[in-house]
Amino acid sequence: ELRASSSANEALAAAAAAGGGTVQLGEGVYDEGTLKVTAGVSLIGAGADKTVVQSVSGSAILCAAGAVRLAHLEARQTSASPAAPAYAVEVRGAGSGVGAAGASNVVQLDRCRLVAASAAKLSAALLVHA
């Protein structure tokens with residue numbers, strides 16, 4: 001288990017390098033661009049009303065297909081650009097899918113709030129594609 005003390009992206013990269021694990025985000029707003037969550041990694045906040053991952057460009061959270069868990073956080077995309085696509089959570093990869101807590105080999109969403117408050121023409125809280 002890794003705690004993101006200074007950079008959520010650094011903690012996620014360390015978990016990926018270790019072959020998987022859990023990254024705990026404390027209370028606060030994480031505005032680091034897109035957080036990249038790879039297969040085998042869980043990203044856990046302190047509560048959807050306490051932990052906010054936001055981005056003003058691209059996706060707030062980008063998940064690889066397969067065994068990823070997002071829990072107890074809010075993902076918020078707030079792009080002011082009408083030209084670029086914007087998503088709170090984006091899931092990519094062959095066999096991509098989203099399921100409830102307890103599902104296997106999919107991105108699991110557990111007590112998350114997804115917000116797309118964007119000016120983008122192509123904007124959504126969740127995008128899943130292969």
# chains A, B, ... in the order shown; residues from 1 in each chain; ligands from 1

$ select_by_dssp --residues "range 9-120 of chain A" --states "strand (DSSP E)" --output "PyMOL selection string"
chain A and resi 21-24+28-30+35-37+41-44+51-55+61-64+68-71+74-77+86-92+98-100+107-110+113-116

$ select_by_dssp --residues "chain A" --states "helix (DSSP H, G or I)" --output "PyMOL selection string"
chain A and resi 8-17

$ write_last_selection --atoms "C-alpha atoms" --output "short mmCIF file (atom, residue, chain, number, x, y, z; two decimals), in the first residue's frame"
data_model
loop_
_atom_site.label_atom_id
_atom_site.label_comp_id
_atom_site.auth_asym_id
_atom_site.auth_seq_id
_atom_site.Cartn_x
_atom_site.Cartn_y
_atom_site.Cartn_z
CA ALA A 8 -0.53 10.84 -6.85
CA ASN A 9 1.03 10.11 -10.25
CA GLU A 10 4.35 9.17 -8.62
CA ALA A 11 2.60 6.80 -6.20
CA LEU A 12 0.62 5.23 -9.08
CA ALA A 13 3.83 4.76 -11.10
CA ALA A 14 5.51 3.08 -8.10
CA ALA A 15 2.54 0.71 -7.68
CA ALA A 16 2.66 -0.14 -11.39
CA ALA A 17 6.42 -0.80 -11.21
#

$ residues_around --residues "Ala84 in chain A" --least-positions-apart "4" --cutoff "12 Å" --atoms "only C-alpha atoms" --output "ChimeraX atom specification"
/A:56-59,77-80,118-123

$ residues_around --residues "Leu126 in chain A" --least-positions-apart "4" --cutoff "7 Å" --atoms "only C-alpha atoms" --output "count of residues only"
4

$ residues_around --residues "Leu35 in chain A" --least-positions-apart "3" --cutoff "7 Å" --atoms "only C-alpha atoms" --output "list in words"
Asn9, Ala60, Ile61 and Leu62 of chain A

$ write_last_selection --atoms "N, CA and C atoms" --output "mmCIF file, in the first residue's frame"
data_model
loop_
_atom_site.group_PDB
_atom_site.id
_atom_site.type_symbol
_atom_site.label_atom_id
_atom_site.label_comp_id
_atom_site.auth_asym_id
_atom_site.auth_seq_id
_atom_site.Cartn_x
_atom_site.Cartn_y
_atom_site.Cartn_z
ATOM 1 N N ASN A 9 0.468 10.790 -9.082
ATOM 2 C CA ASN A 9 1.025 10.105 -10.255
ATOM 3 C C ASN A 9 2.300 9.336 -9.912
ATOM 4 N N ALA A 60 -9.580 13.038 -16.187
ATOM 5 C CA ALA A 60 -9.078 13.164 -14.818
ATOM 6 C C ALA A 60 -8.376 11.873 -14.410
ATOM 7 N N ILE A 61 -8.987 10.726 -14.736
ATOM 8 C CA ILE A 61 -8.396 9.413 -14.431
ATOM 9 C C ILE A 61 -8.472 8.558 -15.689
ATOM 10 N N LEU A 62 -7.345 7.968 -16.072
ATOM 11 C CA LEU A 62 -7.258 7.063 -17.211
ATOM 12 C C LEU A 62 -6.909 5.678 -16.684
#

$ atom_distance --atom1 "CA of Glu27 in chain A" --atom2 "CA of Thr51 in chain A"
4.8 Å

$ residues_around --residues "Glu74 in chain A" --least-positions-apart "5" --cutoff "9 Å" --atoms "only C-alpha atoms" --output "ChimeraX atom specification"
/A:45,47-54,88,111-115

$ closest_residue --among "A:His72, A:Ala39, A:Pro85, A:Ser55" --to "Gly26 in chain A" --atoms "only C-alpha atoms"
A:His72

$ atom_distance --atom1 "CA of Val37 in chain A" --atom2 "CA of Ala64 in chain A"
6.4 Å

$ atom_distance --atom1 "CA of Val29 in chain A" --atom2 "CA of Val128 in chain A"
24.4 Å

$ closest_residue --among "A:Ala86, A:Ala18, A:Val91, A:Leu70" --to "Ala124 in chain A" --atoms "only C-alpha atoms"
A:Ala86

$ closest_atom_pairs --of "range 42-88 of chain A" --to "range 105-109 of chain A" --cutoff "10 Å" --atoms "only C-alpha atoms" --output "Markdown table"
| residue | atom | partner | partner_atom | distance |
| --- | --- | --- | --- | --- |
| A:Ser42 | CA | A:Gln108 | CA | 9.1 |
| A:Cys63 | CA | A:Val107 | CA | 7.5 |
| A:Ala64 | CA | A:Val107 | CA | 8.2 |
| A:Ala65 | CA | A:Val106 | CA | 6.4 |
| A:Gly66 | CA | A:Asn105 | CA | 4.5 |
| A:Ala67 | CA | A:Asn105 | CA | 4.4 |
| A:Val68 | CA | A:Val107 | CA | 4.7 |
| A:Arg69 | CA | A:Gln108 | CA | 4.6 |
| A:Leu70 | CA | A:Leu109 | CA | 5.1 |
| A:Ala71 | CA | A:Leu109 | CA | 5.9 |
| A:His72 | CA | A:Leu109 | CA | 8.7 |
| A:Leu73 | CA | A:Leu109 | CA | 9.6 |

$ decode --residues "range 44-97 of chain A" --atoms "C-alpha atoms" --output "short mmCIF file (atom, residue, chain, number, x, y, z; two decimals), in the first residue's frame"
data_model
loop_
_atom_site.label_atom_id
_atom_site.label_comp_id
_atom_site.auth_asym_id
_atom_site.auth_seq_id
_atom_site.Cartn_x
_atom_site.Cartn_y
_atom_site.Cartn_z
CA ILE A 44 -8.68 4.71 -3.00
CA GLY A 45 -9.73 8.10 -1.62
CA ALA A 46 -10.96 9.23 1.78
CA GLY A 47 -14.54 9.68 0.53
CA ALA A 48 -16.25 11.15 -2.53
CA ASP A 49 -16.92 14.31 -0.53
CA LYS A 50 -13.31 14.52 0.70
CA THR A 51 -10.99 13.39 -2.13
CA VAL A 52 -11.26 15.06 -5.54
CA VAL A 53 -9.17 14.14 -8.57
CA GLN A 54 -9.59 16.83 -11.21
CA SER A 55 -8.19 17.80 -14.56
CA VAL A 56 -8.78 20.78 -16.81
CA SER A 57 -7.49 18.93 -19.91
CA GLY A 58 -7.93 15.33 -21.00
CA SER A 59 -9.32 12.75 -18.59
CA ALA A 60 -9.08 13.16 -14.82
CA ILE A 61 -8.40 9.41 -14.43
CA LEU A 62 -7.26 7.06 -17.21
CA CYS A 63 -7.58 3.34 -16.42
CA ALA A 64 -6.03 0.41 -18.22
CA ALA A 65 -8.33 -2.54 -18.82
CA GLY A 66 -8.29 -5.29 -16.23
CA ALA A 67 -8.48 -5.46 -12.46
CA VAL A 68 -8.47 -1.79 -11.53
CA ARG A 69 -10.44 -0.44 -8.56
CA LEU A 70 -11.46 3.18 -7.97
CA ALA A 71 -13.13 3.84 -4.63
CA HIS A 72 -14.22 6.62 -2.30
CA LEU A 73 -13.33 9.58 -4.51
CA GLU A 74 -14.72 12.15 -6.91
CA ALA A 75 -13.28 12.37 -10.43
CA ARG A 76 -13.96 15.76 -12.00
CA GLN A 77 -13.23 17.03 -15.51
CA THR A 78 -13.58 20.81 -15.83
CA SER A 79 -12.17 21.67 -19.25
CA ALA A 80 -13.00 25.16 -20.52
CA SER A 81 -12.04 24.19 -24.09
CA PRO A 82 -14.95 23.25 -26.37
CA ALA A 83 -12.53 21.63 -28.85
CA ALA A 84 -10.91 18.77 -26.92
CA PRO A 85 -12.77 15.68 -25.61
CA ALA A 86 -13.05 15.58 -21.81
CA TYR A 87 -13.91 12.70 -19.47
CA ALA A 88 -13.91 12.28 -15.71
CA VAL A 89 -12.88 8.60 -16.04
CA GLU A 90 -11.67 6.93 -19.22
CA VAL A 91 -11.15 3.16 -19.54
CA ARG A 92 -9.00 1.88 -22.42
CA GLY A 93 -7.89 -1.49 -23.67
CA ALA A 94 -9.05 -4.75 -25.20
CA GLY A 95 -11.83 -6.31 -23.17
CA SER A 96 -12.52 -3.04 -21.35
CA GLY A 97 -15.44 -3.00 -18.99
#
